[in-house]
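**Student:** Got a structure for you, protein19.cif, holding mmCIF, N, CA and C atoms.
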```cif
data_my_file
loop_
_atom_site.group_PDB
_atom_site.id
_atom_site.type_symbol
_atom_site.label_atom_id
_atom_site.label_comp_id
_atom_site.auth_asym_id
_atom_site.auth_seq_id
_atom_site.Cartn_x
_atom_site.Cartn_y
_atom_site.Cartn_z
ATOM 1 N N MET T 23 -39.547 -27.952 -13.620
ATOM 2 C CA MET T 23 -40.413 -26.785 -13.644
ATOM 3 C C MET T 23 -40.747 -26.415 -12.192
ATOM 4 N N ALA T 24 -40.633 -25.141 -11.881
ATOM 5 C CA ALA T 24 -40.864 -24.689 -10.526
ATOM 6 C C ALA T 24 -42.347 -24.446 -10.294
ATOM 7 N N THR T 25 -42.817 -24.921 -9.159
ATOM 8 C CA THR T 25 -44.207 -24.697 -8.784
ATOM 9 C C THR T 25 -44.307 -23.357 -8.060
ATOM 10 N N PRO T 26 -45.516 -22.813 -7.914
ATOM 11 C CA PRO T 26 -45.660 -21.557 -7.179
ATOM 12 C C PRO T 26 -45.131 -21.646 -5.748
ATOM 13 N N ALA T 27 -45.288 -22.799 -5.107
ATOM 14 C CA ALA T 27 -44.781 -22.954 -3.743
ATOM 15 C C ALA T 27 -43.260 -22.896 -3.718
ATOM 16 N N THR T 28 -42.615 -23.490 -4.716
ATOM 17 C CA THR T 28 -41.155 -23.453 -4.798
ATOM 18 C C THR T 28 -40.668 -22.028 -5.024
ATOM 19 N N LYS T 29 -41.369 -21.301 -5.907
ATOM 20 C CA LYS T 29 -40.991 -19.915 -6.165
ATOM 21 C C LYS T 29 -41.142 -19.061 -4.910
ATOM 22 N N ALA T 30 -42.197 -19.293 -4.150
ATOM 23 C CA ALA T 30 -42.412 -18.535 -2.926
ATOM 24 C C ALA T 30 -41.308 -18.826 -1.920
ATOM 25 N N THR T 31 -40.892 -20.098 -1.806
ATOM 26 C CA THR T 31 -39.822 -20.464 -0.886
ATOM 27 C C THR T 31 -38.508 -19.830 -1.319
ATOM 28 N N GLN T 32 -38.224 -19.831 -2.620
ATOM 29 C CA GLN T 32 -37.004 -19.215 -3.117
ATOM 30 C C GLN T 32 -37.013 -17.713 -2.867
ATOM 31 N N GLY T 33 -38.154 -17.069 -3.018
ATOM 32 C CA GLY T 33 -38.261 -15.636 -2.759
ATOM 33 C C GLY T 33 -37.985 -15.312 -1.304
ATOM 34 N N THR T 34 -38.484 -16.153 -0.385
ATOM 35 C CA THR T 34 -38.246 -15.943 1.038
ATOM 36 C C THR T 34 -36.774 -16.094 1.354
ATOM 37 N N THR T 35 -36.110 -17.063 0.747
ATOM 38 C CA THR T 35 -34.688 -17.273 0.970
ATOM 39 C C THR T 35 -33.885 -16.066 0.492
ATOM 40 N N ASN T 36 -34.235 -15.514 -0.671
ATOM 41 C CA ASN T 36 -33.528 -14.348 -1.189
ATOM 42 C C ASN T 36 -33.701 -13.144 -0.284
ATOM 43 N N VAL T 37 -34.887 -12.963 0.271
ATOM 44 C CA VAL T 37 -35.133 -11.849 1.185
ATOM 45 C C VAL T 37 -34.278 -12.010 2.433
ATOM 46 N N GLY T 38 -34.182 -13.215 2.941
ATOM 47 C CA GLY T 38 -33.356 -13.460 4.122
ATOM 48 C C GLY T 38 -31.895 -13.161 3.851
ATOM 49 N N GLN T 39 -31.407 -13.525 2.663
ATOM 50 C CA GLN T 39 -30.023 -13.242 2.302
ATOM 51 C C GLN T 39 -29.786 -11.745 2.168
ATOM 52 N N GLU T 40 -30.754 -11.021 1.605
ATOM 53 C CA GLU T 40 -30.617 -9.576 1.465
ATOM 54 C C GLU T 40 -30.591 -8.904 2.839
ATOM 55 N N ASN T 41 -31.454 -9.343 3.754
ATOM 56 C CA ASN T 41 -31.466 -8.770 5.094
ATOM 57 C C ASN T 41 -30.155 -9.030 5.813
ATOM 58 N N THR T 42 -29.593 -10.220 5.657
ATOM 59 C CA THR T 42 -28.320 -10.544 6.279
ATOM 60 C C THR T 42 -27.216 -9.665 5.709
ATOM 61 N N ALA T 43 -27.226 -9.472 4.395
ATOM 62 C CA ALA T 43 -26.208 -8.632 3.765
ATOM 63 C C ALA T 43 -26.325 -7.187 4.232
ATOM 64 N N MET T 44 -27.553 -6.695 4.363
ATOM 65 C CA MET T 44 -27.751 -5.320 4.816
ATOM 66 C C MET T 44 -27.286 -5.139 6.250
ATOM 67 N N SER T 45 -27.614 -6.085 7.123
ATOM 68 C CA SER T 45 -27.208 -5.950 8.515
ATOM 69 C C SER T 45 -25.699 -6.081 8.655
ATOM 70 N N THR T 46 -25.066 -6.920 7.824
ATOM 71 C CA THR T 46 -23.616 -7.038 7.848
ATOM 72 C C THR T 46 -22.984 -5.731 7.394
ATOM 73 N N ALA T 47 -23.512 -5.130 6.342
ATOM 74 C CA ALA T 47 -22.975 -3.864 5.844
ATOM 75 C C ALA T 47 -23.160 -2.749 6.859
ATOM 76 N N MET T 48 -24.281 -2.756 7.570
ATOM 77 C CA MET T 48 -24.531 -1.716 8.548
ATOM 78 C C MET T 48 -23.628 -1.866 9.763
ATOM 79 N N ASN T 49 -23.276 -3.103 10.114
ATOM 80 C CA ASN T 49 -22.428 -3.319 11.269
ATOM 81 C C ASN T 49 -20.946 -3.203 10.947
ATOM 82 N N ALA T 50 -20.576 -3.245 9.684
ATOM 83 C CA ALA T 50 -19.183 -3.089 9.302
ATOM 84 C C ALA T 50 -18.753 -1.663 9.607
ATOM 85 N N GLY T 51 -17.565 -1.511 10.116
ATOM 86 C CA GLY T 51 -17.083 -0.166 10.416
ATOM 87 C C GLY T 51 -17.374 0.251 11.840
ATOM 88 N N GLY T 52 -17.452 -0.681 12.740
ATOM 89 C CA GLY T 52 -17.580 -0.338 14.150
ATOM 90 C C GLY T 52 -18.921 0.219 14.556
ATOM 91 N N GLY T 53 -19.992 -0.192 13.912
ATOM 92 C CA GLY T 53 -21.314 0.244 14.321
ATOM 93 C C GLY T 53 -21.760 1.532 13.658
ATOM 94 N N ASN T 54 -20.951 2.084 12.753
ATOM 95 C CA ASN T 54 -21.355 3.299 12.061
ATOM 96 C C ASN T 54 -22.439 2.976 11.057
ATOM 97 N N ASP T 55 -23.314 3.907 10.880
ATOM 98 C CA ASP T 55 -24.358 3.739 9.894
ATOM 99 C C ASP T 55 -23.767 3.959 8.508
ATOM 100 N N VAL T 56 -24.035 3.064 7.583
ATOM 101 C CA VAL T 56 -23.467 3.131 6.238
ATOM 102 C C VAL T 56 -23.915 4.411 5.543
ATOM 103 N N MET T 57 -25.173 4.757 5.671
ATOM 104 C CA MET T 57 -25.685 5.947 4.996
ATOM 105 C C MET T 57 -25.036 7.207 5.550
ATOM 106 N N GLU T 58 -24.859 7.283 6.856
ATOM 107 C CA GLU T 58 -24.223 8.456 7.444
ATOM 108 C C GLU T 58 -22.792 8.608 6.957
ATOM 109 N N SER T 59 -22.057 7.502 6.922
ATOM 110 C CA SER T 59 -20.674 7.591 6.477
ATOM 111 C C SER T 59 -20.597 7.950 4.998
ATOM 112 N N THR T 60 -21.546 7.463 4.194
ATOM 113 C CA THR T 60 -21.577 7.815 2.776
ATOM 114 C C THR T 60 -21.882 9.295 2.598
ATOM 115 N N LEU T 61 -22.873 9.802 3.324
ATOM 116 C CA LEU T 61 -23.207 11.227 3.244
ATOM 117 C C LEU T 61 -22.035 12.089 3.700
ATOM 118 N N ARG T 62 -21.368 11.670 4.756
ATOM 119 C CA ARG T 62 -20.223 12.415 5.273
ATOM 120 C C ARG T 62 -19.107 12.457 4.226
ATOM 121 N N THR T 63 -18.851 11.315 3.568
ATOM 122 C CA THR T 63 -17.803 11.253 2.548
ATOM 123 C C THR T 63 -18.136 12.147 1.364
ATOM 124 N N VAL T 64 -19.378 12.093 0.892
ATOM 125 C CA VAL T 64 -19.792 12.931 -0.238
ATOM 126 C C VAL T 64 -19.735 14.404 0.155
ATOM 127 N N ASP T 65 -20.132 14.730 1.372
ATOM 128 C CA ASP T 65 -20.096 16.112 1.838
ATOM 129 C C ASP T 65 -18.659 16.619 1.901
ATOM 130 N N GLU T 66 -17.748 15.805 2.414
ATOM 131 C CA GLU T 66 -16.350 16.221 2.507
ATOM 132 C C GLU T 66 -15.725 16.377 1.127
ATOM 133 N N THR T 67 -16.084 15.493 0.195
ATOM 134 C CA THR T 67 -15.569 15.598 -1.173
ATOM 135 C C THR T 67 -16.070 16.876 -1.835
ATOM 136 N N THR T 68 -17.350 17.163 -1.664
ATOM 137 C CA THR T 68 -17.924 18.378 -2.241
ATOM 138 C C THR T 68 -17.303 19.617 -1.608
ATOM 139 N N LYS T 69 -17.107 19.562 -0.306
ATOM 140 C CA LYS T 69 -16.532 20.708 0.394
ATOM 141 C C LYS T 69 -15.102 20.966 -0.072
ATOM 142 N N SER T 70 -14.325 19.901 -0.282
ATOM 143 C CA SER T 70 -12.946 20.099 -0.738
ATOM 144 C C SER T 70 -12.899 20.591 -2.181
ATOM 145 N N ALA T 71 -13.877 20.207 -3.010
ATOM 146 C CA ALA T 71 -13.889 20.619 -4.414
ATOM 147 C C ALA T 71 -14.435 22.031 -4.603
ATOM 148 N N THR T 72 -15.452 22.395 -3.836
ATOM 149 C CA THR T 72 -16.123 23.681 -4.051
ATOM 150 C C THR T 72 -15.916 24.680 -2.928
ATOM 151 N N GLY T 73 -15.539 24.206 -1.763
ATOM 152 C CA GLY T 73 -15.400 25.084 -0.613
ATOM 153 C C GLY T 73 -16.702 25.272 0.148
ATOM 154 N N VAL T 74 -17.778 24.638 -0.336
ATOM 155 C CA VAL T 74 -19.096 24.759 0.301
ATOM 156 C C VAL T 74 -19.641 23.360 0.552
ATOM 157 N N SER T 75 -20.293 23.202 1.678
ATOM 158 C CA SER T 75 -20.871 21.908 2.028
ATOM 159 C C SER T 75 -21.980 21.511 1.061
ATOM 160 N N LEU T 76 -22.059 20.213 0.759
ATOM 161 C CA LEU T 76 -23.116 19.686 -0.097
ATOM 162 C C LEU T 76 -24.488 20.043 0.461
ATOM 163 N N PHE T 77 -24.653 19.963 1.770
ATOM 164 C CA PHE T 77 -25.949 20.239 2.390
ATOM 165 C C PHE T 77 -26.338 21.705 2.222
ATOM 166 N N HIS T 78 -25.363 22.605 2.244
ATOM 167 C CA HIS T 78 -25.677 24.012 2.030
ATOM 168 C C HIS T 78 -26.060 24.264 0.576
ATOM 169 N N ILE T 79 -25.397 23.581 -0.347
ATOM 170 C CA ILE T 79 -25.759 23.700 -1.765
ATOM 171 C C ILE T 79 -27.184 23.207 -1.981
ATOM 172 N N LEU T 80 -27.518 22.054 -1.391
ATOM 173 C CA LEU T 80 -28.870 21.508 -1.528
ATOM 174 C C LEU T 80 -29.908 22.434 -0.902
ATOM 175 N N THR T 81 -29.562 23.047 0.216
ATOM 176 C CA THR T 81 -30.478 23.975 0.874
ATOM 177 C C THR T 81 -30.779 25.163 -0.029
ATOM 178 N N LEU T 82 -29.733 25.782 -0.571
ATOM 179 C CA LEU T 82 -29.938 26.939 -1.440
ATOM 180 C C LEU T 82 -30.667 26.554 -2.730
ATOM 181 N N ALA T 83 -30.357 25.395 -3.271
ATOM 182 C CA ALA T 83 -31.034 24.940 -4.493
ATOM 183 C C ALA T 83 -32.524 24.692 -4.248
ATOM 184 N N SER T 84 -32.859 24.131 -3.104
ATOM 185 C CA SER T 84 -34.275 23.873 -2.832
ATOM 186 C C SER T 84 -35.042 25.167 -2.558
ATOM 187 N N ILE T 85 -34.378 26.136 -1.943
ATOM 188 C CA ILE T 85 -35.028 27.433 -1.752
ATOM 189 C C ILE T 85 -35.269 28.093 -3.111
ATOM 190 N N GLY T 86 -34.248 28.049 -3.970
ATOM 191 C CA GLY T 86 -34.405 28.607 -5.318
ATOM 192 C C GLY T 86 -35.468 27.879 -6.120
ATOM 193 N N GLY T 87 -35.484 26.556 -6.012
ATOM 194 C CA GLY T 87 -36.502 25.774 -6.709
ATOM 195 C C GLY T 87 -37.894 26.076 -6.201
ATOM 196 N N SER T 88 -37.999 26.269 -4.907
ATOM 197 C CA SER T 88 -39.299 26.593 -4.322
ATOM 198 C C SER T 88 -39.801 27.951 -4.820
ATOM 199 N N LEU T 89 -38.908 28.919 -4.857
ATOM 200 C CA LEU T 89 -39.297 30.245 -5.368
ATOM 201 C C LEU T 89 -39.693 30.172 -6.844
ATOM 202 N N ALA T 90 -38.934 29.407 -7.623
ATOM 203 C CA ALA T 90 -39.254 29.270 -9.050
ATOM 204 C C ALA T 90 -40.624 28.614 -9.241
ATOM 205 N N LEU T 91 -40.886 27.577 -8.468
ATOM 206 C CA LEU T 91 -42.194 26.921 -8.561
ATOM 207 C C LEU T 91 -43.321 27.858 -8.136
ATOM 208 N N PHE T 92 -43.082 28.632 -7.085
ATOM 209 C CA PHE T 92 -44.101 29.562 -6.601
ATOM 210 C C PHE T 92 -44.444 30.591 -7.671
ATOM 211 N N PHE T 93 -43.413 31.181 -8.284
ATOM 212 C CA PHE T 93 -43.663 32.202 -9.301
ATOM 213 C C PHE T 93 -44.187 31.613 -10.604
ATOM 214 N N ALA T 94 -44.021 30.303 -10.783
ATOM 215 C CA ALA T 94 -44.591 29.634 -11.960
ATOM 216 C C ALA T 94 -46.050 29.250 -11.727
ATOM 217 N N GLY T 95 -46.553 29.518 -10.520
ATOM 218 C CA GLY T 95 -47.953 29.238 -10.220
ATOM 219 C C GLY T 95 -48.210 27.858 -9.643
ATOM 220 N N LYS T 96 -47.171 27.122 -9.350
ATOM 221 C CA LYS T 96 -47.331 25.778 -8.779
ATOM 222 C C LYS T 96 -47.098 25.865 -7.265
ATOM 223 N N LYS T 97 -48.081 26.415 -6.586
ATOM 224 C CA LYS T 97 -47.914 26.726 -5.175
ATOM 225 C C LYS T 97 -47.790 25.504 -4.276
ATOM 226 N N SER T 98 -48.534 24.449 -4.549
ATOM 227 C CA SER T 98 -48.434 23.269 -3.692
ATOM 228 C C SER T 98 -47.073 22.592 -3.858
ATOM 229 N N ALA T 99 -46.543 22.561 -5.063
ATOM 230 C CA ALA T 99 -45.205 22.000 -5.284
ATOM 231 C C ALA T 99 -44.154 22.887 -4.625
ATOM 232 N N ALA T 100 -44.353 24.198 -4.680
ATOM 233 C CA ALA T 100 -43.415 25.133 -4.059
ATOM 234 C C ALA T 100 -43.371 24.928 -2.548
ATOM 235 N N ILE T 101 -44.515 24.709 -1.945
ATOM 236 C CA ILE T 101 -44.553 24.465 -0.503
ATOM 237 C C ILE T 101 -43.848 23.154 -0.175
ATOM 238 N N PHE T 102 -44.083 22.135 -0.983
ATOM 239 C CA PHE T 102 -43.441 20.838 -0.770
ATOM 240 C C PHE T 102 -41.920 20.966 -0.842
ATOM 241 N N VAL T 103 -41.415 21.594 -1.874
ATOM 242 C CA VAL T 103 -39.965 21.762 -2.029
ATOM 243 C C VAL T 103 -39.434 22.715 -0.955
ATOM 244 N N GLY T 104 -40.227 23.667 -0.557
ATOM 245 C CA GLY T 104 -39.813 24.614 0.476
ATOM 246 C C GLY T 104 -39.631 23.983 1.853
ATOM 247 N N LEU T 105 -40.155 22.800 2.035
ATOM 248 C CA LEU T 105 -39.966 22.103 3.314
ATOM 249 C C LEU T 105 -38.651 21.329 3.375
ATOM 250 N N TRP T 106 -37.919 21.234 2.289
ATOM 251 C CA TRP T 106 -36.681 20.462 2.260
ATOM 252 C C TRP T 106 -35.501 21.113 2.979
ATOM 253 N N PRO T 107 -35.309 22.442 2.942
ATOM 254 C CA PRO T 107 -34.105 23.022 3.558
ATOM 255 C C PRO T 107 -33.875 22.642 5.027
ATOM 256 N N PRO T 108 -34.894 22.633 5.881
ATOM 257 C CA PRO T 108 -34.621 22.221 7.256
ATOM 258 C C PRO T 108 -34.136 20.768 7.357
ATOM 259 N N THR T 109 -34.618 19.925 6.446
ATOM 260 C CA THR T 109 -34.178 18.531 6.437
ATOM 261 C C THR T 109 -32.705 18.448 6.072
ATOM 262 N N PHE T 110 -32.280 19.198 5.061
ATOM 263 C CA PHE T 110 -30.869 19.191 4.676
ATOM 264 C C PHE T 110 -29.983 19.718 5.802
ATOM 265 N N GLN T 111 -30.455 20.738 6.492
ATOM 266 C CA GLN T 111 -29.664 21.281 7.602
ATOM 267 C C GLN T 111 -29.614 20.303 8.777
ATOM 268 N N ALA T 112 -30.692 19.579 9.007
ATOM 269 C CA ALA T 112 -30.697 18.560 10.060
ATOM 270 C C ALA T 112 -29.732 17.425 9.713
ATOM 271 N N LEU T 113 -29.710 17.006 8.446
ATOM 272 C CA LEU T 113 -28.765 15.973 8.020
ATOM 273 C C LEU T 113 -27.331 16.451 8.201
ATOM 274 N N LYS T 114 -27.057 17.708 7.894
ATOM 275 C CA LYS T 114 -25.718 18.276 8.082
ATOM 276 C C LYS T 114 -25.346 18.248 9.557
ATOM 277 N N SER T 115 -26.280 18.597 10.402
ATOM 278 C CA SER T 115 -26.026 18.597 11.841
ATOM 279 C C SER T 115 -25.716 17.195 12.355
ATOM 280 N N VAL T 116 -26.479 16.217 11.911
ATOM 281 C CA VAL T 116 -26.250 14.828 12.324
ATOM 282 C C VAL T 116 -24.903 14.327 11.829
ATOM 283 N N ALA T 117 -24.586 14.616 10.576
ATOM 284 C CA ALA T 117 -23.311 14.165 10.015
ATOM 285 C C ALA T 117 -22.138 14.806 10.764
ATOM 286 N N ASP T 118 -22.253 16.094 11.086
ATOM 287 C CA ASP T 118 -21.179 16.763 11.818
ATOM 288 C C ASP T 118 -21.066 16.247 13.243
ATOM 289 N N THR T 119 -22.178 16.011 13.902
ATOM 290 C CA THR T 119 -22.167 15.514 15.276
ATOM 291 C C THR T 119 -21.533 14.142 15.351
ATOM 292 N N ASN T 120 -21.920 13.251 14.464
ATOM 293 C CA ASN T 120 -21.375 11.891 14.490
ATOM 294 C C ASN T 120 -19.939 11.858 14.015
ATOM 295 N N LYS T 121 -19.546 12.805 13.163
ATOM 296 C CA LYS T 121 -18.149 12.865 12.720
ATOM 297 C C LYS T 121 -17.270 13.219 13.930
ATOM 298 N N ASN T 122 -17.740 14.131 14.759
ATOM 299 C CA ASN T 122 -16.970 14.546 15.934
ATOM 300 C C ASN T 122 -16.910 13.440 16.975
ATOM 301 N N LYS T 123 -17.952 12.616 17.084
ATOM 302 C CA LYS T 123 -17.956 11.509 18.043
ATOM 303 C C LYS T 123 -16.968 10.431 17.664
ATOM 304 N N ASN T 124 -16.750 10.217 16.351
ATOM 305 C CA ASN T 124 -15.896 9.146 15.873
ATOM 306 C C ASN T 124 -14.429 9.493 15.910
ATOM 307 N N ARG T 125 -14.080 10.703 16.242
ATOM 308 C CA ARG T 125 -12.663 11.100 16.297
ATOM 309 C C ARG T 125 -12.034 10.713 17.592
#
```
Can you turn what I pasted into structure tokens?
**Tutor:**
Amino acid sequence: MATPATKATQGTTNVGQENTAMSTAMNAGGGNDVMESTLRTVDETTKSATGVSLFHILTLASIGGSLALFFAGKKSAAIFVGLWPPTFQALKSVADTNKNKNR
């Protein structure tokens, strides 16, 4: 039967293993950030399938969602969603900049 101290020690060990796995995954691929490469891959797949960047689709969808929320009377939610488009465009800029650096 495991005591609370044993459970706490096992939990610490699992956290250490997770951190090691995350740092290994982040360093795999020559120092590229895993999330950036994933976003870039999804963006390129979407662009090849639709002809439009994923980030541009998300930008237009959030603007539309913000307008819909505003006209539905949910103004604070509309403002919150309305702040997303610049974030999507910034992510697109970062993904494009780092894609050009890796070539």
**Student:** Measure the distance from CA of Val116 (chain T) to CA of Arg62 (chain T) in Å and round it to one decimal.
**Tutor:**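 Separation of CA of Val116 (chain T) and CA of Arg62 (chain T): 9.6 Å.
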**Student:** Distance CA of Phe102 (chain T)-CA of Ser84 (chain T), one decimal place?
**Tutor:**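 The value is 9.9 Å.
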**Student:** Please report the interatomic distance between CA of Thr119 (chain T) and CA of Ile101 (chain T) in Å with one decimal.
**Tutor:** 28.8 Å
